[in-house]
>>> print(open('data17.cif').read())   # mmCIF, C-alpha atoms
data_data
loop_
_atom_site.group_PDB
_atom_site.id
_atom_site.type_symbol
_atom_site.label_atom_id
_atom_site.label_comp_id
_atom_site.auth_asym_id
_atom_site.auth_seq_id
_atom_site.Cartn_x
_atom_site.Cartn_y
_atom_site.Cartn_z
ATOM 1 C CA MET N 1 69.418 109.751 85.161
ATOM 2 C CA PRO N 2 71.155 112.601 83.314
ATOM 3 C CA ILE N 3 74.879 112.647 84.074
ATOM 4 C CA GLN N 4 76.290 116.124 84.656
ATOM 5 C CA THR N 5 78.991 115.776 87.331
ATOM 6 C CA ILE N 6 81.481 112.931 87.527
ATOM 7 C CA GLY N 7 83.741 112.187 90.467
ATOM 8 C CA ILE N 8 87.148 110.793 89.553
ATOM 9 C CA LEU N 9 89.008 108.361 91.816
ATOM 10 C CA SER N 10 91.760 109.186 91.076
ATOM 11 C CA PRO N 11 93.174 111.711 88.599
ATOM 12 C CA GLY N 12 96.335 109.764 87.768
ATOM 13 C CA ASP N 13 97.501 109.202 84.215
ATOM 14 C CA MET N 14 94.346 107.354 83.087
ATOM 15 C CA GLY N 15 91.810 109.120 85.312
ATOM 16 C CA GLN N 16 93.128 112.525 84.346
ATOM 17 C CA ALA N 17 92.862 111.753 80.627
ATOM 18 C CA ILE N 18 89.295 110.479 80.992
ATOM 19 C CA ALA N 19 88.338 113.607 82.904
ATOM 20 C CA ALA N 20 89.933 115.855 80.300
ATOM 21 C CA VAL N 21 87.815 114.254 77.559
ATOM 22 C CA LEU N 22 84.633 114.620 79.598
ATOM 23 C CA ASN N 23 85.408 118.251 80.400
ATOM 24 C CA GLN N 24 86.031 119.002 76.744
ATOM 25 C CA HIS N 25 82.572 117.613 75.986
ATOM 26 C CA GLY N 26 80.707 119.755 78.479
ATOM 27 C CA LEU N 27 80.613 117.679 81.663
ATOM 28 C CA LYS N 28 81.961 118.681 85.061
ATOM 29 C CA THR N 29 84.572 116.488 86.746
ATOM 30 C CA ILE N 30 85.592 116.669 90.377
ATOM 31 C CA ALA N 31 88.073 114.952 92.684
ATOM 32 C CA ALA N 32 88.734 114.722 96.421
ATOM 33 C CA LEU N 33 92.321 115.907 96.664
ATOM 34 C CA ASP N 34 92.726 116.241 100.434
ATOM 35 C CA ASP N 35 96.033 114.554 101.364
ATOM 36 C CA ARG N 36 96.858 113.748 97.740
ATOM 37 C CA SER N 37 100.325 114.164 96.209
ATOM 38 C CA GLU N 38 101.524 117.238 94.380
ATOM 39 C CA ARG N 39 101.730 115.212 91.160
ATOM 40 C CA THR N 40 98.063 114.217 91.471
ATOM 41 C CA ARG N 41 97.089 117.829 92.112
ATOM 42 C CA GLN N 42 99.020 118.979 89.063
ATOM 43 C CA LEU N 43 97.419 116.328 86.857
ATOM 44 C CA ALA N 44 93.976 117.339 88.105
ATOM 45 C CA ALA N 45 94.627 121.015 87.460
ATOM 46 C CA ALA N 46 95.901 120.304 83.951
ATOM 47 C CA ALA N 47 92.627 118.508 83.134
ATOM 48 C CA ASN N 48 90.425 121.191 84.765
ATOM 49 C CA ILE N 49 89.237 118.762 87.422
ATOM 50 C CA GLN N 50 87.756 120.700 90.330
ATOM 51 C CA ASP N 51 88.979 119.868 93.816
ATOM 52 C CA VAL N 52 86.114 119.401 96.291
ATOM 53 C CA GLY N 53 88.386 118.389 99.163
ATOM 54 C CA SER N 54 86.812 115.406 100.890
ATOM 55 C CA LEU N 55 85.367 112.133 99.665
ATOM 56 C CA THR N 56 82.083 112.957 101.371
ATOM 57 C CA GLN N 57 81.798 116.170 99.373
ATOM 58 C CA LEU N 58 82.629 114.267 96.199
ATOM 59 C CA VAL N 59 79.710 111.904 96.855
ATOM 60 C CA ILE N 60 77.407 114.845 97.588
ATOM 61 C CA GLU N 61 78.225 116.577 94.299
ATOM 62 C CA SER N 62 78.624 113.609 91.935
ATOM 63 C CA ASP N 63 76.076 111.841 89.759
ATOM 64 C CA VAL N 64 78.613 109.123 88.954
ATOM 65 C CA VAL N 65 81.911 108.120 90.562
ATOM 66 C CA LEU N 66 84.528 106.509 88.317
ATOM 67 C CA SER N 67 87.098 104.480 90.265
ATOM 68 C CA VAL N 68 90.352 104.381 88.269
ATOM 69 C CA LEU N 69 93.059 103.199 90.658
ATOM 70 C CA VAL N 70 95.848 100.690 91.104
ATOM 71 C CA PRO N 71 94.350 97.246 91.844
ATOM 72 C CA ALA N 72 95.677 97.072 95.402
ATOM 73 C CA VAL N 73 93.530 99.976 96.632
ATOM 74 C CA ALA N 74 90.312 99.292 94.689
ATOM 75 C CA THR N 75 88.514 97.591 97.570
ATOM 76 C CA GLN N 76 89.586 100.114 100.194
ATOM 77 C CA ALA N 77 88.466 103.014 97.996
ATOM 78 C CA ALA N 78 85.081 101.363 97.504
ATOM 79 C CA LYS N 79 84.712 100.918 101.270
ATOM 80 C CA GLN N 80 85.403 104.616 101.818
ATOM 81 C CA VAL N 81 82.887 105.634 99.165
ATOM 82 C CA ALA N 82 80.321 103.214 100.633
ATOM 83 C CA GLU N 83 80.739 104.867 104.031
ATOM 84 C CA ALA N 84 80.208 108.276 102.453
ATOM 85 C CA ILE N 85 77.115 107.048 100.580
ATOM 86 C CA ALA N 86 75.697 105.710 103.837
ATOM 87 C CA ASP N 87 76.436 108.966 105.677
ATOM 88 C CA VAL N 88 75.014 111.203 102.949
ATOM 89 C CA GLY N 89 72.116 108.963 101.958
ATOM 90 C CA LYS N 90 72.637 109.563 98.244
ATOM 91 C CA PRO N 91 72.285 106.571 95.872
ATOM 92 C CA ILE N 92 74.980 107.530 93.388
ATOM 93 C CA LEU N 93 76.268 105.282 90.607
ATOM 94 C CA TYR N 94 79.688 103.786 91.358
ATOM 95 C CA VAL N 95 81.662 102.488 88.383
ATOM 96 C CA ASP N 96 84.670 100.284 89.118
ATOM 97 C CA CYS N 97 87.093 100.705 86.188
ATOM 98 C CA ASN N 98 90.004 98.927 87.853
ATOM 99 C CA ALA N 99 91.993 95.961 86.542
ATOM 100 C CA ILE N 100 90.822 93.489 89.172
ATOM 101 C CA ALA N 101 89.521 89.933 89.237
ATOM 102 C CA PRO N 102 85.797 89.358 88.577
ATOM 103 C CA GLN N 103 85.159 87.928 92.052
ATOM 104 C CA LYS N 104 86.650 91.018 93.658
ATOM 105 C CA VAL N 105 84.444 93.231 91.485
ATOM 106 C CA ILE N 106 81.375 91.227 92.515
ATOM 107 C CA ASN N 107 82.264 91.770 96.179
ATOM 108 C CA ILE N 108 82.731 95.501 95.627
ATOM 109 C CA GLY N 109 79.373 95.633 93.849
ATOM 110 C CA HIS N 110 77.655 94.003 96.829
ATOM 111 C CA LEU N 111 79.340 96.495 99.152
ATOM 112 C CA ILE N 112 78.149 99.544 97.188
ATOM 113 C CA GLU N 113 74.629 98.186 96.759
ATOM 114 C CA SER N 114 74.359 97.294 100.462
ATOM 115 C CA VAL N 115 74.402 101.005 101.344
ATOM 116 C CA GLY N 116 71.934 102.038 98.638
ATOM 117 C CA GLY N 117 74.298 102.842 95.782
ATOM 118 C CA THR N 118 74.128 101.421 92.278
ATOM 119 C CA PHE N 119 77.053 99.673 90.635
ATOM 120 C CA VAL N 120 78.579 99.070 87.212
ATOM 121 C CA ASP N 121 81.559 96.897 86.341
ATOM 122 C CA ALA N 122 83.869 98.510 83.768
ATOM 123 C CA SER N 123 87.195 97.779 82.147
ATOM 124 C CA ILE N 124 89.439 100.107 80.180
ATOM 125 C CA ILE N 125 91.302 98.643 77.229
ATOM 126 C CA GLY N 126 93.799 100.863 75.473
ATOM 127 C CA PRO N 127 95.909 103.877 76.458
ATOM 128 C CA PRO N 128 94.663 107.002 78.247
ATOM 129 C CA PRO N 129 92.060 108.413 75.793
ATOM 130 C CA ARG N 130 94.019 111.409 74.544
ATOM 131 C CA VAL N 131 93.641 110.223 70.944
ATOM 132 C CA PRO N 132 90.105 109.391 69.716
ATOM 133 C CA ASN N 133 89.175 105.817 68.812
ATOM 134 C CA ARG N 134 92.083 104.141 70.618
ATOM 135 C CA THR N 135 90.478 103.428 74.009
ATOM 136 C CA ARG N 136 87.425 101.315 74.795
ATOM 137 C CA ILE N 137 85.514 101.219 78.070
ATOM 138 C CA TYR N 138 83.598 97.949 78.357
ATOM 139 C CA THR N 139 80.792 97.838 80.912
ATOM 140 C CA SER N 140 78.482 95.243 82.419
ATOM 141 C CA GLY N 141 75.721 95.157 85.010
ATOM 142 C CA LYS N 142 72.040 95.983 85.142
ATOM 143 C CA GLN N 143 72.797 99.725 85.280
ATOM 144 C CA ALA N 144 75.472 99.686 82.560
ATOM 145 C CA ASN N 145 73.203 101.338 79.998
ATOM 146 C CA GLN N 146 73.308 104.538 82.047
ATOM 147 C CA LEU N 147 76.925 105.026 80.970
ATOM 148 C CA GLN N 148 75.918 105.007 77.313
ATOM 149 C CA GLN N 149 75.363 108.742 77.808
ATOM 150 C CA LEU N 150 79.124 109.160 77.804
ATOM 151 C CA ARG N 151 79.330 107.940 74.206
ATOM 152 C CA ASP N 152 78.127 111.419 73.289
ATOM 153 C CA ARG N 153 80.776 112.925 75.562
ATOM 154 C CA GLY N 154 83.906 111.611 73.875
ATOM 155 C CA LEU N 155 84.265 108.132 75.406
ATOM 156 C CA ASP N 156 83.834 104.827 73.585
ATOM 157 C CA VAL N 157 81.596 103.044 76.107
ATOM 158 C CA ARG N 158 80.390 99.555 75.191
ATOM 159 C CA VAL N 159 77.880 97.465 77.151
ATOM 160 C CA ILE N 160 78.673 93.733 76.929
ATOM 161 C CA GLY N 161 76.210 92.208 79.390
ATOM 162 C CA ASP N 162 74.089 92.648 82.495
ATOM 163 C CA GLU N 163 76.254 90.610 84.883
ATOM 164 C CA ILE N 164 78.820 92.147 87.211
ATOM 165 C CA GLY N 165 82.186 90.534 86.470
ATOM 166 C CA GLN N 166 81.837 90.286 82.689
ATOM 167 C CA ALA N 167 83.666 93.545 81.937
ATOM 168 C CA SER N 168 86.434 92.744 84.404
ATOM 169 C CA GLY N 169 86.748 89.218 83.047
ATOM 170 C CA LEU N 170 87.297 90.650 79.573
ATOM 171 C CA LYS N 171 90.036 92.939 80.916
ATOM 172 C CA MET N 172 91.760 90.078 82.716
ATOM 173 C CA SER N 173 91.747 87.914 79.584
ATOM 174 C CA TYR N 174 92.960 90.688 77.289
ATOM 175 C CA ALA N 175 95.671 92.025 79.598
ATOM 176 C CA ALA N 176 96.929 88.474 80.127
ATOM 177 C CA LEU N 177 97.880 88.569 76.453
ATOM 178 C CA THR N 178 99.163 92.129 76.047
ATOM 179 C CA LYS N 179 100.907 92.775 79.355
ATOM 180 C CA GLY N 180 101.829 89.131 79.773
ATOM 181 C CA LEU N 181 103.565 89.249 76.392
ATOM 182 C CA THR N 182 105.371 92.459 77.350
ATOM 183 C CA ALA N 183 106.646 90.805 80.544
ATOM 184 C CA ILE N 184 107.909 87.754 78.638
ATOM 185 C CA GLY N 185 109.545 89.966 76.014
ATOM 186 C CA THR N 186 111.235 92.107 78.651
ATOM 187 C CA GLU N 187 112.683 89.127 80.484
ATOM 188 C CA LEU N 188 113.939 87.308 77.394
ATOM 189 C CA LEU N 189 115.617 90.458 76.067
ATOM 190 C CA ILE N 190 117.356 90.963 79.420
ATOM 191 C CA ALA N 191 118.459 87.325 79.284
ATOM 192 C CA ALA N 192 119.879 87.787 75.776
ATOM 193 C CA HIS N 193 121.721 90.917 76.921
ATOM 194 C CA ARG N 194 123.342 89.030 79.787
ATOM 195 C CA LEU N 195 124.301 86.242 77.395
ATOM 196 C CA GLY N 196 125.886 88.760 75.011
ATOM 197 C CA LEU N 197 123.391 87.849 72.288
ATOM 198 C CA ASP N 198 121.385 91.087 72.000
ATOM 199 C CA LYS N 199 122.052 91.709 68.315
ATOM 200 C CA GLU N 200 121.735 88.093 67.233
ATOM 201 C CA LEU N 201 118.401 87.603 68.967
ATOM 202 C CA TRP N 202 116.944 90.904 67.800
ATOM 203 C CA ASP N 203 118.024 90.261 64.216
ATOM 204 C CA GLU N 204 116.268 86.887 64.331
ATOM 205 C CA ILE N 205 113.081 88.300 65.875
ATOM 206 C CA SER N 206 113.014 91.157 63.362
ATOM 207 C CA ASN N 207 113.480 88.719 60.473
ATOM 208 C CA SER N 208 111.194 85.866 61.484
ATOM 209 C CA GLN N 209 108.719 87.673 63.768
ATOM 210 C CA PRO N 210 108.468 91.271 62.471
ATOM 211 C CA GLU N 211 105.028 91.805 64.039
ATOM 212 C CA LEU N 212 106.372 90.754 67.423
ATOM 213 C CA ALA N 213 109.410 93.014 67.018
ATOM 214 C CA SER N 214 107.058 95.924 66.343
ATOM 215 C CA ILE N 215 104.937 95.122 69.399
ATOM 216 C CA LEU N 216 107.931 94.912 71.745
ATOM 217 C CA THR N 217 109.482 98.087 70.322
ATOM 218 C CA ARG N 218 106.260 99.906 71.103
ATOM 219 C CA SER N 219 105.211 98.279 74.369
ATOM 220 C CA ILE N 220 108.378 98.015 76.467
ATOM 221 C CA PRO N 221 109.348 101.733 76.436
ATOM 222 C CA THR N 222 105.854 102.767 77.557
ATOM 223 C CA MET N 223 105.703 100.001 80.170
ATOM 224 C CA THR N 224 108.596 101.011 82.416
ATOM 225 C CA PRO N 225 106.977 103.976 84.249
ATOM 226 C CA LYS N 226 103.790 101.921 84.692
ATOM 227 C CA ALA N 227 105.426 98.723 85.948
ATOM 228 C CA HIS N 228 104.483 99.443 89.571
ATOM 229 C CA ARG N 229 100.802 99.372 88.556
ATOM 230 C CA TRP N 230 101.143 96.252 86.453
ATOM 231 C CA VAL N 231 102.467 94.147 89.351
ATOM 232 C CA GLY N 232 99.038 94.139 90.941
ATOM 233 C CA GLU N 233 97.282 93.661 87.624
ATOM 234 C CA MET N 234 99.255 90.500 86.894
ATOM 235 C CA GLU N 235 98.415 89.198 90.365
ATOM 236 C CA GLU N 236 94.710 89.856 89.714
ATOM 237 C CA ILE N 237 94.970 87.930 86.451
ATOM 238 C CA ALA N 238 96.679 85.073 88.288
ATOM 239 C CA GLU N 239 93.818 84.900 90.788
ATOM 240 C CA THR N 240 91.263 85.022 87.968
ATOM 241 C CA PHE N 241 92.868 82.109 86.156
ATOM 242 C CA LYS N 242 93.278 80.131 89.390
ATOM 243 C CA GLU N 243 89.556 80.557 90.111
ATOM 244 C CA LEU N 244 88.858 79.079 86.665
ATOM 245 C CA GLY N 245 90.961 75.997 87.350
ATOM 246 C CA LEU N 246 93.893 77.173 85.211
ATOM 247 C CA THR N 247 97.511 77.719 86.193
ATOM 248 C CA GLU N 248 98.211 81.008 87.899
ATOM 249 C CA GLN N 249 101.994 80.629 87.938
ATOM 250 C CA ILE N 250 102.555 82.250 84.527
ATOM 251 C CA PHE N 251 101.120 85.533 85.723
ATOM 252 C CA TYR N 252 102.756 85.514 89.133
ATOM 253 C CA GLY N 253 105.961 85.224 87.107
ATOM 254 C CA ALA N 254 104.933 88.212 85.007
ATOM 255 C CA ALA N 255 104.254 90.130 88.224
ATOM 256 C CA GLU N 256 107.819 89.386 89.328
ATOM 257 C CA VAL N 257 109.174 90.829 86.076
ATOM 258 C CA TYR N 258 107.261 94.058 86.665
ATOM 259 C CA ARG N 259 108.344 94.120 90.307
ATOM 260 C CA LEU N 260 111.940 93.930 89.064
ATOM 261 C CA VAL N 261 111.377 96.788 86.605
ATOM 262 C CA LYS N 262 109.674 99.072 89.114
ATOM 263 C CA GLU N 263 112.770 99.088 91.331
ATOM 264 C CA THR N 264 115.014 100.431 88.556
ATOM 265 C CA SER N 265 115.543 104.083 87.649
ATOM 266 C CA LEU N 266 113.226 103.642 84.666
ATOM 267 C CA GLY N 267 110.535 102.209 86.895
ATOM 268 C CA LYS N 268 110.760 105.212 89.193
ATOM 269 C CA GLU N 269 109.973 107.646 86.377
ATOM 270 C CA THR N 270 106.423 108.893 85.834
ATOM 271 C CA PRO N 271 104.623 108.753 82.481
ATOM 272 C CA GLU N 272 105.026 112.531 82.255
ATOM 273 C CA ASN N 273 108.804 112.626 82.673
ATOM 274 C CA SER N 274 109.867 109.363 81.009
ATOM 275 C CA ASN N 275 111.805 109.545 77.746
ATOM 276 C CA ARG N 276 109.505 107.890 75.231
ATOM 277 C CA ASP N 277 112.154 108.152 72.516
ATOM 278 C CA ARG N 278 114.714 106.100 74.450
ATOM 279 C CA PRO N 279 115.809 103.201 72.205
ATOM 280 C CA LEU N 280 114.752 99.703 73.178
ATOM 281 C CA ASP N 281 118.320 98.404 73.386
ATOM 282 C CA GLU N 282 119.212 101.189 75.819
ATOM 283 C CA ILE N 283 116.195 100.331 77.966
ATOM 284 C CA ILE N 284 117.155 96.660 78.101
ATOM 285 C CA THR N 285 120.749 97.554 79.013
ATOM 286 C CA ILE N 286 119.583 99.765 81.885
ATOM 287 C CA LEU N 287 117.116 97.133 83.142
ATOM 288 C CA SER N 288 119.737 94.385 82.925
ATOM 289 C CA ASN N 289 122.378 96.385 84.772
ATOM 290 C CA GLU N 290 120.117 97.756 87.494
ATOM 291 C CA ALA N 291 118.036 94.624 88.045
ATOM 292 C CA SER N 292 121.146 92.733 89.050
ATOM 293 C CA ASP N 293 121.604 95.172 91.939
ATOM 294 C CA THR N 294 118.082 94.935 93.314
#
>>> encode(input="data17.cif", output="structure tokens")
Amino acid sequence: MPIQTIGILSPGDMGQAIAAVLNQHGLKTIAALDDRSERTRQLAAAANIQDVGSLTQLVIESDVVLSVLVPAVATQAAKQVAEAIADVGKPILYVDCNAIAPQKVINIGHLIESVGGTFVDASIIGPPPRVPNRTRIYTSGKQANQLQQLRDRGLDVRVIGDEIGQASGLKMSYAALTKGLTAIGTELLIAAHRLGLDKELWDEISNSQPELASILTRSIPTMTPKAHRWVGEMEEIAETFKELGLTEQIFYGAAEVYRLVKETSLGKETPENSNRDRPLDEIITILSNEASDT
């Protein structure tokens, strides 16, 4: 099936960037923006995503729907698309790109297929793809090869297997390391600040763990406006590990760190208006001071 028109659920920071790349490479992207926020509308307009109004119209016009949402709404969005597929009678390809547990992805796949749609499991590793060769989209499922077309349209799409759940399992395992480490680093730096040991700890980390110092310097400033999304992602990782007979408590703890951050002034910023040049020590001071009031 040639892919010409791609529906985006939803044109947030990641979805908008994916759409922009696809548009630049000759594909058409659309979104259902009825009842969406002004920020979402502005992001869509900036990426030349066309507004088709309703979800039903999006299904009618799309060859593929990419679901790129916060974990908490992934299932509900799939249910709404499934209803539209059933109403329209069009067997479109639905690609779940959300950071959710493999079992949840399997359930969503069954839902989409039960109404005649086709389904691919996908996971996005890396930042929004504004810079080439920094973002990978791993896919799995019997229809995953269809998305290989997008390799010629600016996206690094990689098929890793024919089972639904494989791509999501990879995302859960990888994000457990990267975002789990960021959560641990954030909390320990806040602890050191409250103990009055900021400089001493950072000097030691910089001296004995320079790679870790570099990672935290890069990851924490970009995390704060995304913390609200990462709460759910850590909870999905916890459920994944629990299903595998491993402890889930580590990642519920990480979710609590991100829940703390999201309630601060830094957590209420958006990726577009956050100060990416704000020094790490200033960020930790703000988080420490404001977290104690939440």
>>> axis_aligned_box(input="data17.cif", around="range 45-56 of chain N", padding_each_side="4 Å", output="JSON")
{"center_x": 89.0, "center_y": 116.7, "center_z": 92.3, "size_x": 21.8, "size_y": 17.1, "size_z": 26.2}
>>> atom_distance(input="data17.cif", atom1="CA of Leu266 in chain N", atom2="CA of Ser206 in chain N")
24.7 Å
>>> residues_near_point(input="data17.cif", point="(85.8, 91.4, 85.2)", cutoff="7 Å", atoms="only C-alpha atoms", output="ChimeraX atom specification")
/N:100-102,105,165-172
>>> resolve_selection(input="data17.cif", expression="the PyMOL selection byres ((chain N and resi 55) around 9)", output="list in words")
Ala31, Ala32, Leu33, Asp34, Val52, Gly53, Ser54, Thr56, Gln57, Leu58, Val59, Ile60, Gln80, Val81 and Ala84 of chain N
>>> atom_distance(input="data17.cif", atom1="CA of Glu256 in chain N", atom2="CA of Asn273 in chain N")
24.2 Å
>>> resolve_selection(input="data17.cif", expression="the PyMOL selection byres ((chain N and resi 257) around 12)", output="PyMOL selection string")
chain N and resi 179-190+223-224+227-228+230-232+234-235+250-256+258-264+267+287-288+291
>>> atom_distance(input="data17.cif", atom1="CA of His110 in chain N", atom2="CA of Glu163 in chain N")
12.5 Å
>>> residues_around(input="data17.cif", residues="range 115-131 of chain N", least_positions_apart="4", cutoff="6 Å", atoms="all atoms listed in the file", output="PyMOL selection string")
chain N and resi 14+17+86+91-97+109+135-141+144+164+167-168+171
>>> resolve_selection(input="data17.cif", expression="the PyMOL selection byres ((chain N and resi 270) around 10)", output="VMD selection string")
chain N and resid 13 39 224 to 226 266 to 269 271 to 275
>>> closest_residue(input="data17.cif", among="N:Ala191, N:Phe241, N:Ala74, N:Leu177", to="Ile215 in chain N", atoms="all atoms listed in the file")
N:Leu177
>>> residues_around(input="data17.cif", residues="Val68 in chain N", least_positions_apart="3", cutoff="6 Å", atoms="all atoms listed in the file", output="list in words")
Leu9, Ser10, Gly15, Cys97 and Asn98 of chain N
>>> write_last_selection(input="data17.cif", atoms="C-alpha atoms", output="short mmCIF file (atom, residue, chain, number, x, y, z; two decimals), keeping the file's coordinate frame")
data_model
loop_
_atom_site.label_atom_id
_atom_site.label_comp_id
_atom_site.auth_asym_id
_atom_site.auth_seq_id
_atom_site.Cartn_x
_atom_site.Cartn_y
_atom_site.Cartn_z
CA LEU N 9 89.01 108.36 91.82
CA SER N 10 91.76 109.19 91.08
CA GLY N 15 91.81 109.12 85.31
CA CYS N 97 87.09 100.70 86.19
CA ASN N 98 90.00 98.93 87.85
#
>>> closest_atom_pairs(input="data17.cif", of="range 190-249 of chain N", to="range 281-285 of chain N", cutoff="10 Å", atoms="only C-alpha atoms", output="CSV")
residue,atom,partner,partner_atom,distance
N:Ile190,CA,N:Ile284,CA,5.9
N:Ala191,CA,N:Ile284,CA,9.5
N:Ala192,CA,N:Ile284,CA,9.6
N:His193,CA,N:Thr285,CA,7.0
N:Arg194,CA,N:Thr285,CA,8.9
N:Asp198,CA,N:Asp281,CA,8.1
N:Lys199,CA,N:Asp281,CA,9.2
N:Trp202,CA,N:Asp281,CA,9.5
N:Thr217,CA,N:Asp281,CA,9.4
N:Ile220,CA,N:Ile283,CA,8.3
N:Pro221,CA,N:Ile283,CA,7.2
N:Thr224,CA,N:Ile283,CA,8.8
>>> closest_residue(input="data17.cif", among="N:Glu236, N:Glu211, N:Asp35, N:Glu83", to="Leu111 in chain N", atoms="all atoms listed in the file")
N:Glu83
>>> residues_near_point(input="data17.cif", point="(76.2, 105.8, 82.6)", cutoff="9 Å", atoms="only C-alpha atoms", output="list in words")
Met1, Pro2, Ile3, Val64, Leu93, Val95, Val120, Gln143, Ala144, Asn145, Gln146, Leu147, Gln148, Gln149, Leu150 and Val157 of chain N
>>> closest_residue(input="data17.cif", among="N:Leu201, N:Leu212, N:Ala78, N:Leu155", to="Ile18 in chain N", atoms="all atoms listed in the file")
N:Leu155
>>> closest_residue(input="data17.cif", among="N:Thr29, N:Ile6, N:Ala46, N:Val70", to="Arg229 in chain N", atoms="only C-alpha atoms")
N:Val70
